[in-house]
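my_file.txt, holding compact mmCIF, C-alpha atoms and all ligand atoms:
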# COMPACT_ATOMS: atom_id res chain seq x y z
CA MET A 1 -16.35 -27.85 -5.15
CA LYS A 2 -17.85 -25.07 -3.03
CA LEU A 3 -16.79 -21.63 -4.28
CA LEU A 4 -16.14 -19.00 -1.61
CA PRO A 5 -17.51 -15.52 -2.26
CA ALA A 6 -14.84 -12.96 -3.14
CA GLY A 7 -13.81 -10.76 -0.23
CA ARG A 8 -13.51 -6.99 -0.16
CA VAL A 9 -10.29 -5.05 0.26
CA VAL A 10 -10.42 -2.22 2.79
CA VAL A 11 -7.46 0.15 2.57
CA ILE A 12 -6.73 2.53 5.44
CA GLY A 13 -4.17 5.00 4.15
CA SER A 14 -3.07 8.26 2.62
CA VAL A 15 -4.19 10.38 -0.32
CA ASN A 16 -1.68 12.79 -1.89
CA THR A 17 -1.16 14.83 -4.99
CA ASP A 18 2.26 14.14 -6.45
CA ARG A 19 4.53 16.70 -8.08
CA ILE A 20 6.91 14.58 -10.15
CA LEU A 21 10.31 16.01 -11.14
CA ARG A 22 12.53 14.12 -13.55
CA CYS A 23 16.15 14.74 -12.52
CA PRO A 24 19.48 13.78 -14.12
CA VAL A 25 20.56 12.60 -10.63
CA LEU A 26 18.83 12.54 -7.25
CA PRO A 27 20.18 15.41 -5.14
CA ALA A 28 22.61 14.52 -2.36
CA PRO A 29 22.34 16.46 0.93
CA GLY A 30 23.38 20.06 0.28
CA GLU A 31 23.24 19.61 -3.50
CA THR A 32 20.98 21.44 -5.98
CA VAL A 33 20.09 19.73 -9.26
CA LEU A 34 18.09 21.05 -12.19
CA ALA A 35 15.06 18.95 -13.16
CA THR A 36 14.50 18.23 -16.83
CA ASP A 37 10.68 18.20 -16.66
CA ALA A 38 7.76 18.08 -14.28
CA ALA A 39 4.36 16.42 -14.10
CA ARG A 40 1.46 16.13 -11.69
CA GLY A 41 -0.16 12.89 -10.66
CA PHE A 42 -2.45 11.34 -8.10
CA GLY A 43 -0.66 9.55 -5.30
CA GLY A 44 -0.54 8.62 -1.65
CA LYS A 45 0.34 5.08 -0.68
CA GLY A 46 -3.18 4.27 0.50
CA ALA A 47 -4.90 5.68 -2.57
CA ASN A 48 -2.40 4.00 -4.90
CA GLN A 49 -2.98 0.66 -3.17
CA ALA A 50 -6.76 1.07 -3.34
CA VAL A 51 -6.75 1.92 -7.06
CA ALA A 52 -4.40 -0.99 -7.78
CA SER A 53 -6.66 -3.37 -5.84
CA ALA A 54 -9.79 -2.16 -7.66
CA ARG A 55 -8.03 -2.45 -11.00
CA MET A 56 -7.24 -6.08 -10.12
CA GLY A 57 -10.96 -6.66 -9.75
CA ALA A 58 -11.51 -6.49 -5.98
CA ALA A 59 -14.40 -4.54 -4.44
CA THR A 60 -12.27 -1.93 -2.71
CA HIS A 61 -13.02 0.63 0.03
CA LEU A 62 -10.70 3.44 1.10
CA VAL A 63 -10.67 4.96 4.59
CA ALA A 64 -8.72 8.22 4.35
CA ALA A 65 -8.67 11.99 4.86
CA ILE A 66 -8.31 14.74 2.26
CA GLY A 67 -8.48 18.52 2.52
CA ARG A 68 -11.57 20.50 1.59
CA ASP A 69 -9.76 21.90 -1.44
CA ALA A 70 -9.47 21.51 -5.20
CA GLU A 71 -6.74 18.84 -4.87
CA GLY A 72 -8.92 16.79 -2.55
CA GLU A 73 -11.90 17.06 -4.89
CA ALA A 74 -9.80 15.98 -7.86
CA ALA A 75 -8.32 13.06 -5.92
CA LEU A 76 -11.78 11.94 -4.84
CA ALA A 77 -13.13 12.12 -8.39
CA ASP A 78 -10.18 10.09 -9.62
CA LEU A 79 -10.71 7.43 -6.94
CA ARG A 80 -14.40 7.16 -7.80
CA GLY A 81 -13.54 6.90 -11.48
CA ALA A 82 -11.26 4.00 -10.57
CA GLN A 83 -14.25 2.24 -8.88
CA VAL A 84 -12.89 2.73 -5.35
CA GLU A 85 -15.65 3.10 -2.75
CA THR A 86 -14.99 6.46 -1.04
CA GLY A 87 -17.79 6.68 1.56
CA ALA A 88 -15.14 6.75 4.32
CA VAL A 89 -12.89 9.40 2.72
CA HIS A 90 -13.28 12.40 5.03
CA ALA A 91 -12.80 15.98 3.84
CA HIS A 92 -11.04 17.90 6.61
CA PRO A 93 -11.98 21.60 6.86
CA ASP A 94 -8.65 22.82 8.29
CA ALA A 95 -5.91 20.80 6.61
CA PRO A 96 -4.85 20.62 2.96
CA THR A 97 -4.79 17.44 0.94
CA GLY A 98 -1.44 15.65 1.36
CA GLN A 99 1.30 16.51 -1.11
CA ALA A 100 4.42 14.70 -2.26
CA ILE A 101 7.47 15.84 -4.16
CA VAL A 102 8.70 12.85 -6.13
CA MET A 103 12.14 13.06 -7.78
CA VAL A 104 12.91 10.39 -10.37
CA ASP A 105 16.33 9.72 -11.95
CA PRO A 106 16.95 8.27 -15.44
CA GLY A 107 17.24 4.77 -13.96
CA GLY A 108 13.73 5.05 -12.46
CA GLU A 109 15.00 5.36 -8.86
CA ASN A 110 13.19 7.93 -6.73
CA SER A 111 13.37 10.12 -3.64
CA ILE A 112 10.09 11.26 -2.10
CA VAL A 113 9.19 13.91 0.46
CA VAL A 114 5.62 13.93 1.77
CA LEU A 115 3.75 16.77 3.47
CA PRO A 116 0.99 14.76 5.22
CA GLY A 117 -1.62 17.55 5.53
CA ALA A 118 -5.06 15.98 6.05
CA ASN A 119 -3.60 12.46 6.20
CA ALA A 120 -2.31 13.32 9.69
CA ARG A 121 -5.87 14.26 10.73
CA LEU A 122 -7.44 10.84 10.05
CA THR A 123 -8.73 9.70 13.43
CA PRO A 124 -9.01 6.27 15.07
CA ASP A 125 -12.74 6.93 15.55
CA GLN A 126 -13.19 7.42 11.82
CA VAL A 127 -11.39 4.11 11.19
CA THR A 128 -13.41 2.28 13.83
CA ALA A 129 -16.71 3.66 12.49
CA ALA A 130 -15.83 2.81 8.89
CA LEU A 131 -14.88 -0.78 9.71
CA ALA A 132 -17.97 -1.24 11.90
CA ARG A 133 -20.18 -0.09 9.01
CA LEU A 134 -18.54 -2.61 6.69
CA HIS A 135 -19.17 -5.62 9.00
CA LEU A 136 -15.88 -7.33 8.12
CA LEU A 137 -16.13 -10.94 6.97
CA PRO A 138 -13.43 -13.65 7.11
CA VAL A 139 -12.94 -13.34 3.33
CA ASP A 140 -12.15 -9.61 3.55
CA VAL A 141 -8.67 -8.11 3.62
CA VAL A 142 -7.70 -4.98 5.56
CA LEU A 143 -4.58 -3.16 4.35
CA THR A 144 -2.79 -0.54 6.48
CA SER A 145 0.40 1.49 6.04
CA ASN A 146 2.35 4.26 7.77
CA GLU A 147 1.36 7.51 6.02
CA VAL A 148 -1.57 7.86 8.45
CA PRO A 149 -1.27 8.11 12.25
CA ALA A 150 -0.19 4.94 14.07
CA GLU A 151 -3.35 5.15 16.21
CA CYS A 152 -5.39 4.59 13.04
CA VAL A 153 -3.47 1.37 12.35
CA ARG A 154 -4.11 0.29 15.95
CA ALA A 155 -7.82 1.14 15.55
CA ALA A 156 -7.96 -1.08 12.46
CA ALA A 157 -6.31 -3.94 14.39
CA ALA A 158 -8.79 -3.50 17.22
CA ALA A 159 -11.73 -3.67 14.81
CA LEU A 160 -10.72 -7.03 13.33
CA PRO A 161 -13.10 -9.79 14.38
CA ALA A 162 -11.50 -12.69 16.28
CA ALA A 163 -10.37 -15.44 13.90
CA GLY A 164 -12.55 -18.54 13.65
CA PRO A 165 -11.20 -22.08 13.16
CA ARG A 166 -10.76 -21.39 9.41
CA GLY A 167 -9.07 -18.02 9.89
CA GLY A 168 -10.44 -14.52 9.89
CA THR A 169 -10.32 -11.20 8.10
CA ARG A 170 -6.77 -10.95 6.83
CA TRP A 171 -4.70 -7.95 7.95
CA LEU A 172 -1.85 -6.76 5.74
CA HIS A 173 0.44 -4.05 7.04
CA ASN A 174 2.77 -2.31 4.60
CA THR A 175 5.72 -0.93 6.57
CA ALA A 176 6.11 2.13 4.34
CA PRO A 177 7.45 4.58 5.32
CA ALA A 178 9.42 2.51 7.88
CA ALA A 179 8.05 2.95 11.40
CA GLU A 180 7.61 0.83 14.50
CA LEU A 181 5.75 -2.39 13.74
CA PRO A 182 2.16 -2.58 14.97
CA GLY A 183 1.56 -5.05 17.79
CA PRO A 184 -1.30 -7.53 17.78
CA GLY A 185 -4.85 -6.19 18.16
CA PRO A 186 -6.97 -7.01 21.24
CA THR A 187 -8.30 -10.14 19.55
CA GLY A 188 -4.70 -11.33 19.09
CA ARG A 189 -4.68 -10.78 15.34
CA ARG A 190 -1.28 -9.94 13.87
CA PRO A 191 -0.60 -8.57 10.40
CA LEU A 192 1.03 -10.14 7.41
CA LEU A 193 3.95 -7.69 7.08
CA VAL A 194 4.91 -6.35 3.65
CA ALA A 195 8.23 -4.48 3.51
CA ASN A 196 10.80 -3.59 0.92
CA ALA A 197 14.34 -4.82 1.54
CA VAL A 198 15.53 -1.50 2.99
CA GLU A 199 12.59 -1.26 5.41
CA ALA A 200 12.93 -4.94 6.35
CA ARG A 201 16.60 -4.53 7.30
CA GLN A 202 15.95 -1.22 9.13
CA LEU A 203 13.12 -2.76 11.14
CA THR A 204 14.88 -5.97 12.09
CA GLY A 205 18.58 -5.05 12.12
CA ALA A 206 19.18 -8.18 10.02
CA ALA A 207 22.19 -8.24 7.68
CA THR A 208 20.44 -9.86 4.72
CA ALA A 209 16.98 -9.71 3.17
CA VAL A 210 16.43 -13.43 3.87
CA GLU A 211 17.25 -13.02 7.56
CA ALA A 212 15.08 -9.89 7.67
CA ALA A 213 12.15 -11.75 6.07
CA HIS A 214 12.34 -14.51 8.70
CA ALA A 215 12.69 -11.95 11.51
CA LEU A 216 9.68 -9.97 10.26
CA ALA A 217 7.60 -13.13 9.84
CA ARG A 218 8.15 -13.97 13.50
CA GLN A 219 6.58 -10.62 14.41
CA GLY A 220 3.54 -11.03 12.18
CA GLU A 221 1.39 -13.66 10.49
CA GLY A 222 4.16 -14.12 7.93
CA ALA A 223 6.11 -11.64 5.84
CA VAL A 224 6.68 -10.56 2.28
CA VAL A 225 9.88 -8.67 1.42
CA THR A 226 10.02 -7.02 -1.99
CA LEU A 227 13.39 -6.93 -3.75
CA GLY A 228 12.72 -4.64 -6.73
CA GLY A 229 13.98 -6.25 -9.93
CA ASP A 230 14.90 -9.40 -8.00
CA GLY A 231 11.27 -10.21 -7.13
CA ALA A 232 10.19 -10.97 -3.59
CA LEU A 233 10.67 -13.28 -0.63
CA VAL A 234 7.66 -14.80 1.11
CA VAL A 235 7.84 -16.38 4.56
CA SER A 236 4.73 -18.29 5.50
CA ASP A 237 4.50 -20.93 8.26
CA GLY A 238 8.29 -20.67 8.61
CA ALA A 239 8.95 -21.64 4.97
CA LEU A 240 10.71 -19.25 2.58
CA THR A 241 9.63 -18.93 -1.07
CA ARG A 242 11.64 -16.88 -3.58
CA LEU A 243 9.61 -15.29 -6.36
CA PRO A 244 11.53 -13.98 -9.39
CA ALA A 245 10.39 -10.84 -11.21
CA PRO A 246 9.93 -10.60 -14.99
CA ALA A 247 12.49 -8.43 -16.81
CA VAL A 248 10.94 -5.08 -17.76
CA ARG A 249 12.12 -1.67 -18.97
CA VAL A 250 12.19 0.49 -15.86
CA VAL A 251 10.90 4.05 -16.27
CA ASP A 252 9.89 4.93 -12.70
CA THR A 253 9.79 2.74 -9.59
CA THR A 254 7.49 5.18 -7.72
CA GLY A 255 4.43 3.39 -6.39
CA ALA A 256 5.57 -0.10 -7.40
CA GLY A 257 5.37 -1.19 -3.76
CA ASP A 258 1.84 0.22 -3.53
CA VAL A 259 0.73 -1.64 -6.65
CA PHE A 260 2.35 -4.78 -5.20
CA CYS A 261 0.32 -4.38 -1.97
CA GLY A 262 -2.94 -3.61 -3.78
CA ALA A 263 -2.57 -6.62 -6.06
CA LEU A 264 -1.56 -8.86 -3.16
CA ALA A 265 -4.63 -7.81 -1.16
CA ALA A 266 -6.91 -8.27 -4.18
CA ARG A 267 -5.64 -11.80 -4.86
CA LEU A 268 -5.86 -12.80 -1.18
CA ALA A 269 -9.44 -11.50 -1.14
CA ARG A 270 -10.11 -13.85 -4.07
CA GLY A 271 -8.94 -16.79 -1.94
CA ALA A 272 -5.43 -17.26 -3.41
CA ASP A 273 -2.81 -18.65 -1.02
CA LEU A 274 0.02 -16.34 0.00
CA PRO A 275 2.77 -17.52 -2.41
CA ALA A 276 0.35 -17.48 -5.37
CA ALA A 277 -0.99 -14.04 -4.44
CA ALA A 278 2.55 -12.72 -3.99
CA ALA A 279 3.60 -14.10 -7.39
CA THR A 280 0.79 -12.07 -9.01
CA ALA A 281 1.82 -9.05 -6.93
CA VAL A 282 5.43 -9.33 -8.19
CA ALA A 283 4.14 -9.26 -11.77
CA ALA A 284 1.89 -6.28 -10.94
CA GLY A 285 4.80 -4.39 -9.36
CA ALA A 286 6.95 -5.06 -12.43
CA PHE A 287 4.16 -3.74 -14.69
CA ALA A 288 3.92 -0.60 -12.55
CA VAL A 289 7.53 0.51 -13.14
CA THR A 290 7.08 0.76 -16.91
CA ALA A 291 5.60 4.29 -16.91
CA LEU A 292 6.13 7.59 -15.11
CA GLY A 293 4.18 8.28 -11.91
CA ALA A 294 2.75 6.17 -9.12
CA ARG A 295 -0.35 5.42 -11.23
CA GLY A 296 1.23 5.55 -14.68
CA ALA A 297 0.87 1.80 -15.30
CA LEU A 298 -1.71 -0.08 -13.25
CA PRO A 299 -2.34 -3.63 -14.42
CA ARG A 300 -5.64 -5.42 -14.89
CA PRO A 301 -5.55 -9.21 -14.34
CA GLU A 302 -5.37 -9.83 -18.09
CA ASP A 303 -2.19 -7.68 -18.33
CA LEU A 304 -0.35 -10.12 -16.09
O1 LIG A 401 4.67 5.11 -2.84
C1 LIG A 401 4.58 6.22 -3.68
C2 LIG A 401 3.78 7.29 -3.03
O2 LIG A 401 4.47 7.74 -1.88
C3 LIG A 401 3.58 8.53 -3.87
O3 LIG A 401 2.41 8.47 -4.65
C4 LIG A 401 3.58 9.65 -2.85
O4 LIG A 401 2.38 10.34 -2.77
C5 LIG A 401 3.94 8.99 -1.53
O5 LIG A 401 2.83 8.74 -0.75
Please rewrite the model in this file as structure tokens.
Ligand code: RIB
Amino acid sequence: MKLLPAGRVVVIGSVNTDRILRCPVLPAPGETVLATDAARGFGGKGANQAVASARMGAATHLVAAIGRDAEGEAALADLRGAQVETGAVHAHPDAPTGQAIVMVDPGGENSIVVLPGANARLTPDQVTAALARLHLLPVDVVLTSNEVPAECVRAAAAALPAAGPRGGTRWLHNTAPAAELPGPGPTGRRPLLVANAVEARQLTGAATAVEAAHALARQGEGAVVTLGGDGALVVSDGALTRLPAPAVRVVDTTGAGDVFCGALAARLARGADLPAAAATAVAAGAFAVTALGARGALPRPEDL
């Protein structure tokens, strides 16, 4: 049997510092609630995905923007410590590092507000240059999401090499936060779409998660819809696979979707097929909810 080399995971996404507030209930509009305690953590969907991917053993690169400030420096040091390659993380002179206020209730449910800061200053040219330097190979996986400008996602799509007869660099797009779906790049490549059930229904108008998964899959190269404690749905080549999640004690669901995406990308870069990679990602997402903070519990392969 001929073994394929492992691919790299290239994440194009956000870097934030998270201010985490534990609340007895999540505030409704117009309501004030008193938090019971507070913590700081590293966050940002892109950075969380990159660290999760590296932790799962993939050579991982992050293309992102931070501020030229203490928060940016700390975030960068943390990424490097997590073995994420940060050569394409740009320090912006005029914008602060992104920030998020994350409120978590006793059931682990969250509400998040993000101030994008430098994330909004990432440019398509920076994305194009970073991907050109990496010389993408068919075994590599590019992962995009919506906390950076949509033009950066389009620049990533445009940089994907045309697929050969045995496929090409895989493109995963995480639809978080929900925003218009990216169209195909100039070489015709479309993303594998990864959405949670709320985003999937918002984006497709479908009444159920199953219908939404099929509708999303028709707009991409397949779709994965995460269902929290109920696992995930995978639609690949028109066929639906249901993946159950292990039962775990939920402390905080923040970042579980990011860990799911990072693990999914890492397994695909190792050559796993989509249902197998998604099954590992479900287990990784379940592991992630067992501690406070987006990076409180990041699994290694042996933890799963
Ligand atoms: O998905 C969780 C992440 O969303 C947090 O880390 C926060 O920074 C926001 O980007």
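In this comparison, which uses all atoms listed in the file, the residue of A:Ala265, A:Val235, A:Val25, A:Val102 approaching ligand LIG 401 (chain A) most closely is A:Val102.
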At most 6 Å is the cut-off: for each residue in segment 143-209 of chain A with any atom that close to an atom of segment 5-24 of chain A, write down the nearest atom pair and the distance in Å rounded to one decimal, counting only C-alpha atoms, chain first then increasing number, as a tab-separated table.
residue	atom	partner	partner_atom	distance
A:Leu143	CA	A:Val11	CA	4.7
A:Thr144	CA	A:Ile12	CA	5.1
A:Glu147	CA	A:Ser14	CA	5.6
A:Val148	CA	A:Gly13	CA	5.8
Protein and nucleic residues near ligand LIG 401 (chain A), 10 Å, all atoms listed in the file, as a VMD selection string: chain A and resid 13 to 20 41 to 49 98 to 102 110 to 116 146 to 147 176 to 177 253 to 259 293 to 295
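Candidate residues A:Ala150, A:Leu304, A:Ala178, A:Leu79 were compared for distance to Ala263 of chain A, and the nearest is A:Leu304, using all atoms listed in the file.
Among the candidates A:Leu216, A:Ala158, A:Val104, A:Ala283, the one nearest to Thr36 of chain A when counting all atoms listed in the file is A:Val104.
Using all atoms listed in the file for every distance, the candidate list A:Thr128, A:Asp140, A:Val89, A:Ala297 yields A:Asp140 as the residue closest to Ala59 of chain A.
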Coordinates-based distance that separates atom CA of Ala39 of chain A from atom CA of Ala95 of chain A (Å, one decimal): 23.5 Å
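In this comparison, which uses only C-alpha atoms, the residue of A:Gly228, A:Gly238, A:Pro301, A:Pro93 approaching Val282 of chain A most closely is A:Gly228.
Counting from atom CA of Ala279 of chain A, the distance to atom CA of Leu243 of chain A is 6.2 Å.
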All residues 9 Å or closer to segment 195-210 of chain A, only C-alpha atoms, same chain fewer than 6 positions away omitted, as a PyMOL selection string: chain A and resi 173-181+216+223-228+232-233+240+257
Distance in Å - atom CA of Arg80 of chain A versus atom CA of Gly285 of chain A: 22.5 Å
Residues near Leu268 of chain A, cut-off 8 Å, all atoms listed in the file, skip fewer than 6 positions along chain, as a ChimeraX atom specification: /A:141,274,277
Restrict the selected residues to C-alpha atoms and save them as an mmCIF file, in the coordinates of the input.
data_model
loop_
_atom_site.group_PDB
_atom_site.id
_atom_site.type_symbol
_atom_site.label_atom_id
_atom_site.label_comp_id
_atom_site.auth_asym_id
_atom_site.auth_seq_id
_atom_site.Cartn_x
_atom_site.Cartn_y
_atom_site.Cartn_z
ATOM 1 C CA VAL A 141 -8.670 -8.110 3.620
ATOM 2 C CA LEU A 274 0.020 -16.340 0.000
ATOM 3 C CA ALA A 277 -0.990 -14.040 -4.440
#
